[in-house]
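query24.pdb follows; it contains PDB, N, CA and C atoms.
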ATOM      1  N   MET A 878       0.839  -1.178   0.000
ATOM      2  CA  MET A 878       0.000   0.000   0.000
ATOM      3  C   MET A 878       0.885   1.242   0.000
ATOM      4  N   ARG A 879       0.446   2.236  -0.730
ATOM      5  CA  ARG A 879       1.194   3.488  -0.811
ATOM      6  C   ARG A 879       0.334   4.610  -0.255
ATOM      7  N   ILE A 880       0.909   5.379   0.662
ATOM      8  CA  ILE A 880       0.203   6.515   1.255
ATOM      9  C   ILE A 880       0.820   7.789   0.713
ATOM     10  N   VAL A 881      -0.035   8.675   0.224
ATOM     11  CA  VAL A 881       0.431   9.940  -0.322
ATOM     12  C   VAL A 881      -0.096  11.069   0.551
ATOM     13  N   GLY A 882       0.784  11.981   0.939
ATOM     14  CA  GLY A 882       0.375  13.122   1.749
ATOM     15  C   GLY A 882       1.435  13.445   2.780
ATOM     16  N   THR A 883       1.220  14.522   3.491
ATOM     17  CA  THR A 883       2.128  14.911   4.558
ATOM     18  C   THR A 883       1.833  14.046   5.777
ATOM     19  N   PRO A 884       2.815  13.291   6.258
ATOM     20  CA  PRO A 884       2.571  12.305   7.318
ATOM     21  C   PRO A 884       1.827  12.839   8.543
ATOM     22  N   ASP A 885       2.149  14.039   8.987
ATOM     23  CA  ASP A 885       1.550  14.578  10.209
ATOM     24  C   ASP A 885       0.038  14.769  10.121
ATOM     25  N   TYR A 886      -0.503  14.860   8.902
ATOM     26  CA  TYR A 886      -1.911  15.206   8.738
ATOM     27  C   TYR A 886      -2.784  14.040   8.266
ATOM     28  N   ILE A 887      -2.224  12.850   8.136
ATOM     29  CA  ILE A 887      -2.959  11.704   7.614
ATOM     30  C   ILE A 887      -3.751  11.031   8.731
ATOM     31  N   ALA A 888      -5.019  10.784   8.469
ATOM     32  CA  ALA A 888      -5.913  10.166   9.458
ATOM     33  C   ALA A 888      -5.579   8.687   9.655
ATOM     34  N   PRO A 889      -5.882   8.142  10.835
ATOM     35  CA  PRO A 889      -5.567   6.741  11.117
ATOM     36  C   PRO A 889      -6.231   5.764  10.151
ATOM     37  N   GLU A 890      -7.437   6.072   9.683
ATOM     38  CA  GLU A 890      -8.116   5.174   8.737
ATOM     39  C   GLU A 890      -7.310   5.007   7.458
ATOM     40  N   VAL A 891      -6.711   6.093   7.003
ATOM     41  CA  VAL A 891      -5.913   6.050   5.779
ATOM     42  C   VAL A 891      -4.642   5.237   6.021
ATOM     43  N   ILE A 892      -3.985   5.476   7.137
ATOM     44  CA  ILE A 892      -2.759   4.748   7.472
ATOM     45  C   ILE A 892      -3.032   3.252   7.550
ATOM     46  N   ASN A 893      -4.157   2.889   8.155
ATOM     47  CA  ASN A 893      -4.504   1.474   8.323
ATOM     48  C   ASN A 893      -5.144   0.859   7.095
ATOM     49  N   GLY A 894      -5.329   1.643   6.035
ATOM     50  CA  GLY A 894      -5.913   1.110   4.802
ATOM     51  C   GLY A 894      -7.385   0.775   4.928
ATOM     52  N   LEU A 895      -8.082   1.434   5.850
ATOM     53  CA  LEU A 895      -9.503   1.189   6.069
ATOM     54  C   LEU A 895     -10.341   2.103   5.184
ATOM     55  N   PRO A 896     -11.586   1.723   4.935
ATOM     56  CA  PRO A 896     -12.464   2.620   4.186
ATOM     57  C   PRO A 896     -12.607   3.943   4.944
ATOM     58  N   HIS A 897     -12.691   5.030   4.200
ATOM     59  CA  HIS A 897     -12.823   6.332   4.837
ATOM     60  C   HIS A 897     -13.633   7.262   3.944
ATOM     61  N   ASP A 898     -14.055   8.349   4.534
ATOM     62  CA  ASP A 898     -14.852   9.333   3.811
ATOM     63  C   ASP A 898     -14.296  10.720   4.085
ATOM     64  N   ARG A 899     -15.116  11.730   3.913
ATOM     65  CA  ARG A 899     -14.654  13.107   4.103
ATOM     66  C   ARG A 899     -14.280  13.444   5.544
ATOM     67  N   MET A 900     -14.598  12.579   6.471
ATOM     68  CA  MET A 900     -14.236  12.842   7.871
ATOM     69  C   MET A 900     -12.724  12.934   8.050
ATOM     70  N   VAL A 901     -11.962  12.310   7.160
ATOM     71  CA  VAL A 901     -10.505  12.414   7.273
ATOM     72  C   VAL A 901     -10.042  13.852   7.048
ATOM     73  N   ASP A 902     -10.835  14.635   6.301
ATOM     74  CA  ASP A 902     -10.510  16.053   6.127
ATOM     75  C   ASP A 902     -10.680  16.806   7.441
ATOM     76  N   TRP A 903     -11.687  16.453   8.216
ATOM     77  CA  TRP A 903     -11.889  17.067   9.532
ATOM     78  C   TRP A 903     -10.732  16.701  10.458
ATOM     79  N   TRP A 904     -10.262  15.463  10.351
ATOM     80  CA  TRP A 904      -9.095  15.038  11.132
ATOM     81  C   TRP A 904      -7.911  15.963  10.826
ATOM     82  N   SER A 905      -7.638  16.150   9.533
ATOM     83  CA  SER A 905      -6.511  16.986   9.128
ATOM     84  C   SER A 905      -6.688  18.429   9.596
ATOM     85  N   LEU A 906      -7.904  18.933   9.528
ATOM     86  CA  LEU A 906      -8.165  20.289  10.012
ATOM     87  C   LEU A 906      -7.864  20.389  11.506
ATOM     88  N   GLY A 907      -8.274  19.389  12.269
ATOM     89  CA  GLY A 907      -7.978  19.380  13.707
ATOM     90  C   GLY A 907      -6.485  19.372  13.984
ATOM     91  N   VAL A 908      -5.742  18.612  13.192
ATOM     92  CA  VAL A 908      -4.285  18.585  13.335
ATOM     93  C   VAL A 908      -3.707  19.968  13.047
ATOM     94  N   MET A 909      -4.205  20.628  11.998
ATOM     95  CA  MET A 909      -3.709  21.971  11.664
ATOM     96  C   MET A 909      -4.034  22.985  12.756
ATOM     97  N   ILE A 910      -5.232  22.909  13.313
ATOM     98  CA  ILE A 910      -5.602  23.838  14.391
ATOM     99  C   ILE A 910      -4.686  23.635  15.592
ATOM    100  N   TYR A 911      -4.442  22.371  15.956
ATOM    101  CA  TYR A 911      -3.518  22.075  17.053
ATOM    102  C   TYR A 911      -2.151  22.701  16.765
ATOM    103  N   GLU A 912      -1.670  22.518  15.526
ATOM    104  CA  GLU A 912      -0.355  23.056  15.179
ATOM    105  C   GLU A 912      -0.345  24.585  15.184
ATOM    106  N   PHE A 913      -1.421  25.219  14.750
ATOM    107  CA  PHE A 913      -1.499  26.685  14.799
ATOM    108  C   PHE A 913      -1.394  27.187  16.229
ATOM    109  N   ILE A 914      -2.006  26.471  17.155
ATOM    110  CA  ILE A 914      -2.018  26.899  18.556
ATOM    111  C   ILE A 914      -0.685  26.615  19.249
ATOM    112  N   THR A 915      -0.087  25.455  18.977
ATOM    113  CA  THR A 915       1.106  25.035  19.721
ATOM    114  C   THR A 915       2.419  25.184  18.960
ATOM    115  N   SER A 916       2.352  25.398  17.658
ATOM    116  CA  SER A 916       3.527  25.492  16.774
ATOM    117  C   SER A 916       4.199  24.151  16.505
ATOM    118  N   VAL A 917       3.576  23.058  16.911
ATOM    119  CA  VAL A 917       4.119  21.718  16.689
ATOM    120  C   VAL A 917       2.962  20.791  16.322
ATOM    121  N   PRO A 918       3.120  19.941  15.296
ATOM    122  CA  PRO A 918       2.057  18.979  14.994
ATOM    123  C   PRO A 918       1.842  18.036  16.183
ATOM    124  N   PRO A 919       0.605  17.601  16.426
ATOM    125  CA  PRO A 919       0.323  16.809  17.627
ATOM    126  C   PRO A 919       1.004  15.447  17.671
ATOM    127  N   PHE A 920       1.315  14.850  16.536
ATOM    128  CA  PHE A 920       1.886  13.502  16.522
ATOM    129  C   PHE A 920       3.345  13.522  16.068
ATOM    130  N   ASN A 921       3.988  14.669  16.178
ATOM    131  CA  ASN A 921       5.342  14.870  15.699
ATOM    132  C   ASN A 921       6.324  13.871  16.314
ATOM    133  N   ASP A 922       7.270  13.408  15.493
ATOM    134  CA  ASP A 922       8.325  12.511  15.969
ATOM    135  C   ASP A 922       9.483  12.570  14.991
ATOM    136  N   VAL A 923      10.505  11.748  15.199
ATOM    137  CA  VAL A 923      11.736  11.821  14.414
ATOM    138  C   VAL A 923      11.661  11.130  13.057
ATOM    139  N   SER A 924      10.701  10.234  12.856
ATOM    140  CA  SER A 924      10.587   9.530  11.576
ATOM    141  C   SER A 924       9.116   9.379  11.190
ATOM    142  N   VAL A 925       8.895   9.128   9.914
ATOM    143  CA  VAL A 925       7.527   8.942   9.413
ATOM    144  C   VAL A 925       6.878   7.736  10.089
ATOM    145  N   ASP A 926       7.619   6.657  10.250
ATOM    146  CA  ASP A 926       7.058   5.470  10.907
ATOM    147  C   ASP A 926       6.595   5.772  12.327
ATOM    148  N   LYS A 927       7.375   6.552  13.059
ATOM    149  CA  LYS A 927       6.994   6.903  14.428
ATOM    150  C   LYS A 927       5.807   7.858  14.446
ATOM    151  N   ILE A 928       5.744   8.768  13.475
ATOM    152  CA  ILE A 928       4.576   9.654  13.372
ATOM    153  C   ILE A 928       3.328   8.818  13.126
ATOM    154  N   PHE A 929       3.406   7.878  12.189
ATOM    155  CA  PHE A 929       2.254   7.010  11.902
ATOM    156  C   PHE A 929       1.860   6.197  13.132
ATOM    157  N   GLU A 930       2.843   5.688  13.862
ATOM    158  CA  GLU A 930       2.551   4.935  15.087
ATOM    159  C   GLU A 930       1.840   5.825  16.105
ATOM    160  N   ASN A 931       2.306   7.058  16.262
ATOM    161  CA  ASN A 931       1.660   7.994  17.193
ATOM    162  C   ASN A 931       0.224   8.281  16.773
ATOM    163  N   ILE A 932      -0.005   8.439  15.469
ATOM    164  CA  ILE A 932      -1.358   8.711  14.982
ATOM    165  C   ILE A 932      -2.271   7.529  15.264
ATOM    166  N   VAL A 933      -1.833   6.339  14.895
ATOM    167  CA  VAL A 933      -2.663   5.146  15.075
ATOM    168  C   VAL A 933      -2.934   4.883  16.553
ATOM    169  N   GLN A 934      -1.937   5.114  17.412
ATOM    170  CA  GLN A 934      -2.098   4.901  18.846
ATOM    171  C   GLN A 934      -2.723   6.114  19.538
ATOM    172  N   ARG A 935      -2.935   7.193  18.761
ATOM    173  CA  ARG A 935      -3.480   8.461  19.279
ATOM    174  C   ARG A 935      -2.642   8.990  20.447
ATOM    175  N   ARG A 936      -1.334   8.924  20.259
ATOM    176  CA  ARG A 936      -0.368   9.354  21.262
ATOM    177  C   ARG A 936       0.033  10.804  20.988
ATOM    178  N   ILE A 937      -0.417  11.714  21.836
ATOM    179  CA  ILE A 937      -0.120  13.136  21.688
ATOM    180  C   ILE A 937       0.634  13.607  22.927
ATOM    181  N   GLU A 938       1.686  14.369  22.694
ATOM    182  CA  GLU A 938       2.382  14.992  23.820
ATOM    183  C   GLU A 938       1.786  16.388  23.994
ATOM    184  N   TRP A 939       0.918  16.525  24.997
ATOM    185  CA  TRP A 939       0.244  17.796  25.242
ATOM    186  C   TRP A 939       1.193  18.779  25.900
ATOM    187  N   PRO A 940       1.293  19.994  25.369
ATOM    188  CA  PRO A 940       2.157  21.007  26.003
ATOM    189  C   PRO A 940       1.511  21.546  27.268
ATOM    190  N   GLU A 941       2.346  22.066  28.139
ATOM    191  CA  GLU A 941       1.812  22.743  29.316
ATOM    192  C   GLU A 941       1.180  24.049  28.847
ATOM    193  N   ILE A 942       0.066  24.418  29.444
ATOM    194  CA  ILE A 942      -0.663  25.597  28.995
ATOM    195  C   ILE A 942       0.193  26.847  29.066
ATOM    196  N   GLY A 943       1.015  26.987  30.069
ATOM    197  CA  GLY A 943       1.844  28.173  30.204
ATOM    198  C   GLY A 943       2.915  28.289  29.130
ATOM    199  N   ASN A 944       3.244  27.170  28.482
ATOM    200  CA  ASN A 944       4.307  27.186  27.468
ATOM    201  C   ASN A 944       3.793  27.347  26.043
ATOM    202  N   ILE A 945       2.513  27.404  25.833
ATOM    203  CA  ILE A 945       1.974  27.477  24.470
ATOM    204  C   ILE A 945       2.422  28.755  23.769
ATOM    205  N   TYR A 946       2.434  29.853  24.460
ATOM    206  CA  TYR A 946       2.695  31.134  23.813
ATOM    207  C   TYR A 946       4.107  31.645  23.997
ATOM    208  N   THR A 947       5.019  30.796  24.415
ATOM    209  CA  THR A 947       6.396  31.246  24.603
ATOM    210  C   THR A 947       7.257  30.888  23.425
TER     211      THR A 947
END

Go ahead and render the structure in this file as structure tokens.
Amino acid sequence: MRIVGTPDYIAPEVINGLPHDRMVDWWSLGVMIYEFITSVPPFNDVSVDKIFENIVQRRIEWPEIGNIYT
């Protein structure tokens, strides 16, 4: 299977090769909003494989509220 797109914004259904619909666009929008607020994608990691693992496992490193705007 071949996945096309920016790894940080791909929905878990797409990564897992499951049927999906337009809801994956809402997923990507949520990722972008998170990144706009924190300056870092929510599932960011050192490699594409680790980013995909974080997305599928829904593993997010939440920033401390006081550090968002620094």

ask   = Which is closest to Ile937 (chain A) among A:Pro918, A:Gly894, A:Pro884, A:Pro889, if we use all atoms listed in the file?
value = A:Pro918

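Evaluated against this file, the PyMOL selection byres (((chain A and resi 917 and name CA) around 12) and name CA) yields Asp885, Tyr886, Val908, Met909, Ile910, Tyr911, Glu912, Phe913, Ile914, Thr915, Ser916, Pro918, Pro919, Phe920, Asn921, Asp922, Ile937, Glu938, Trp939, Pro940, Ile945 and Tyr946 of chain A.
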
Could you dump the residues just selected with N, CA and C atoms as a compact mmCIF listing (two decimals), in the frame of the given file?
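File produced: selection-v9.txt:
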# COMPACT_ATOMS: atom_id res chain seq x y z
N ASP A 885 2.15 14.04 8.99
CA ASP A 885 1.55 14.58 10.21
C ASP A 885 0.04 14.77 10.12
N TYR A 886 -0.50 14.86 8.90
CA TYR A 886 -1.91 15.21 8.74
C TYR A 886 -2.78 14.04 8.27
N VAL A 908 -5.74 18.61 13.19
CA VAL A 908 -4.28 18.58 13.34
C VAL A 908 -3.71 19.97 13.05
N MET A 909 -4.20 20.63 12.00
CA MET A 909 -3.71 21.97 11.66
C MET A 909 -4.03 22.98 12.76
N ILE A 910 -5.23 22.91 13.31
CA ILE A 910 -5.60 23.84 14.39
C ILE A 910 -4.69 23.64 15.59
N TYR A 911 -4.44 22.37 15.96
CA TYR A 911 -3.52 22.08 17.05
C TYR A 911 -2.15 22.70 16.76
N GLU A 912 -1.67 22.52 15.53
CA GLU A 912 -0.36 23.06 15.18
C GLU A 912 -0.34 24.58 15.18
N PHE A 913 -1.42 25.22 14.75
CA PHE A 913 -1.50 26.68 14.80
C PHE A 913 -1.39 27.19 16.23
N ILE A 914 -2.01 26.47 17.16
CA ILE A 914 -2.02 26.90 18.56
C ILE A 914 -0.68 26.62 19.25
N THR A 915 -0.09 25.46 18.98
CA THR A 915 1.11 25.04 19.72
C THR A 915 2.42 25.18 18.96
N SER A 916 2.35 25.40 17.66
CA SER A 916 3.53 25.49 16.77
C SER A 916 4.20 24.15 16.50
N PRO A 918 3.12 19.94 15.30
CA PRO A 918 2.06 18.98 14.99
C PRO A 918 1.84 18.04 16.18
N PRO A 919 0.60 17.60 16.43
CA PRO A 919 0.32 16.81 17.63
C PRO A 919 1.00 15.45 17.67
N PHE A 920 1.32 14.85 16.54
CA PHE A 920 1.89 13.50 16.52
C PHE A 920 3.34 13.52 16.07
N ASN A 921 3.99 14.67 16.18
CA ASN A 921 5.34 14.87 15.70
C ASN A 921 6.32 13.87 16.31
N ASP A 922 7.27 13.41 15.49
CA ASP A 922 8.32 12.51 15.97
C ASP A 922 9.48 12.57 14.99
N ILE A 937 -0.42 11.71 21.84
CA ILE A 937 -0.12 13.14 21.69
C ILE A 937 0.63 13.61 22.93
N GLU A 938 1.69 14.37 22.69
CA GLU A 938 2.38 14.99 23.82
C GLU A 938 1.79 16.39 23.99
N TRP A 939 0.92 16.52 25.00
CA TRP A 939 0.24 17.80 25.24
C TRP A 939 1.19 18.78 25.90
N PRO A 940 1.29 19.99 25.37
CA PRO A 940 2.16 21.01 26.00
C PRO A 940 1.51 21.55 27.27
N ILE A 945 2.51 27.40 25.83
CA ILE A 945 1.97 27.48 24.47
C ILE A 945 2.42 28.76 23.77
N TYR A 946 2.43 29.85 24.46
CA TYR A 946 2.70 31.13 23.81
C TYR A 946 4.11 31.64 24.00

request  = Step one, run DSSP on the backbone; step two, keep only residues of chain A assigned to alpha helix (DSSP H); then write them as a ChimeraX atom specification.
outcome  = /A:889-892,900-915,925-934

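Note that the spacing between CA of Ile892 (chain A) and CA of Ile932 (chain A) amounts to 8.6 Å.
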
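When CA of Ile887 (chain A) is paired with CA of Ile928 (chain A), their separation reads 9.7 Å.
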
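Here CA of Val923 (chain A) and CA of Glu941 (chain A) stand 21.0 Å from one another.
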
task = May I have the residues within 10 Å of Val901 (chain A) as number ranges by chain, using only C-alpha atoms and disregarding those fewer than 3 positions away in the same chain?
result = A: 886-891, 897-898, 904-907

If I only have part of region 906-917 of chain A, can you fill in all heavy atoms and write it as a compact mmCIF listing (two decimals), keeping the file's coordinate frame?
# COMPACT_ATOMS: atom_id res chain seq x y z
N LEU A 906 -7.90 18.93 9.53
CA LEU A 906 -8.16 20.29 10.01
C LEU A 906 -7.86 20.39 11.51
O LEU A 906 -7.24 21.36 11.96
CB LEU A 906 -9.61 20.69 9.74
CG LEU A 906 -10.01 22.08 10.25
CD1 LEU A 906 -9.20 23.17 9.57
CD2 LEU A 906 -11.50 22.29 10.05
N GLY A 907 -8.27 19.39 12.27
CA GLY A 907 -7.98 19.38 13.71
C GLY A 907 -6.48 19.37 13.98
O GLY A 907 -6.00 20.07 14.88
N VAL A 908 -5.74 18.61 13.19
CA VAL A 908 -4.28 18.58 13.34
C VAL A 908 -3.71 19.97 13.05
O VAL A 908 -2.84 20.46 13.78
CB VAL A 908 -3.66 17.52 12.40
CG1 VAL A 908 -2.15 17.64 12.37
CG2 VAL A 908 -4.07 16.12 12.84
N MET A 909 -4.20 20.63 12.00
CA MET A 909 -3.71 21.97 11.66
C MET A 909 -4.03 22.98 12.76
O MET A 909 -3.20 23.82 13.10
CB MET A 909 -4.28 22.43 10.33
CG MET A 909 -3.65 21.73 9.16
SD MET A 909 -4.19 22.41 7.58
CE MET A 909 -5.70 21.52 7.34
N ILE A 910 -5.23 22.91 13.31
CA ILE A 910 -5.60 23.84 14.39
C ILE A 910 -4.69 23.64 15.59
O ILE A 910 -4.20 24.60 16.18
CB ILE A 910 -7.08 23.67 14.77
CG1 ILE A 910 -7.97 24.18 13.63
CG2 ILE A 910 -7.41 24.39 16.08
CD1 ILE A 910 -9.43 23.83 13.78
N TYR A 911 -4.44 22.37 15.96
CA TYR A 911 -3.52 22.08 17.05
C TYR A 911 -2.15 22.70 16.76
O TYR A 911 -1.55 23.34 17.63
CB TYR A 911 -3.39 20.56 17.23
CG TYR A 911 -2.44 20.14 18.32
CD1 TYR A 911 -2.92 19.78 19.57
CD2 TYR A 911 -1.06 20.10 18.13
CE1 TYR A 911 -2.06 19.39 20.59
CE2 TYR A 911 -0.19 19.73 19.13
CZ TYR A 911 -0.70 19.37 20.36
OH TYR A 911 0.16 19.00 21.35
N GLU A 912 -1.67 22.52 15.53
CA GLU A 912 -0.36 23.06 15.18
C GLU A 912 -0.34 24.58 15.18
O GLU A 912 0.64 25.20 15.60
CB GLU A 912 0.09 22.54 13.81
CG GLU A 912 1.50 22.94 13.47
CD GLU A 912 2.02 22.29 12.21
OE1 GLU A 912 1.31 21.48 11.58
OE2 GLU A 912 3.16 22.62 11.84
N PHE A 913 -1.42 25.22 14.75
CA PHE A 913 -1.50 26.68 14.80
C PHE A 913 -1.39 27.19 16.23
O PHE A 913 -0.77 28.21 16.50
CB PHE A 913 -2.81 27.19 14.19
CG PHE A 913 -2.90 27.03 12.70
CD1 PHE A 913 -4.14 26.90 12.11
CD2 PHE A 913 -1.79 26.99 11.89
CE1 PHE A 913 -4.27 26.75 10.73
CE2 PHE A 913 -1.89 26.85 10.51
CZ PHE A 913 -3.14 26.73 9.93
N ILE A 914 -2.01 26.47 17.16
CA ILE A 914 -2.02 26.90 18.56
C ILE A 914 -0.68 26.62 19.25
O ILE A 914 -0.19 27.44 20.02
CB ILE A 914 -3.18 26.22 19.32
CG1 ILE A 914 -4.52 26.73 18.79
CG2 ILE A 914 -3.07 26.45 20.82
CD1 ILE A 914 -5.72 25.95 19.29
N THR A 915 -0.09 25.46 18.98
CA THR A 915 1.11 25.04 19.72
C THR A 915 2.42 25.18 18.96
O THR A 915 3.49 25.04 19.54
CB THR A 915 0.99 23.56 20.16
OG1 THR A 915 1.01 22.73 18.98
CG2 THR A 915 -0.26 23.32 20.97
N SER A 916 2.35 25.40 17.66
CA SER A 916 3.53 25.49 16.77
C SER A 916 4.20 24.15 16.50
O SER A 916 5.29 24.11 15.94
CB SER A 916 4.57 26.48 17.31
OG SER A 916 4.01 27.75 17.45
N VAL A 917 3.58 23.06 16.91
CA VAL A 917 4.12 21.72 16.69
C VAL A 917 2.96 20.79 16.32
O VAL A 917 1.92 20.81 16.99
CB VAL A 917 4.82 21.18 17.97
CG1 VAL A 917 5.35 19.78 17.76
CG2 VAL A 917 5.92 22.10 18.41
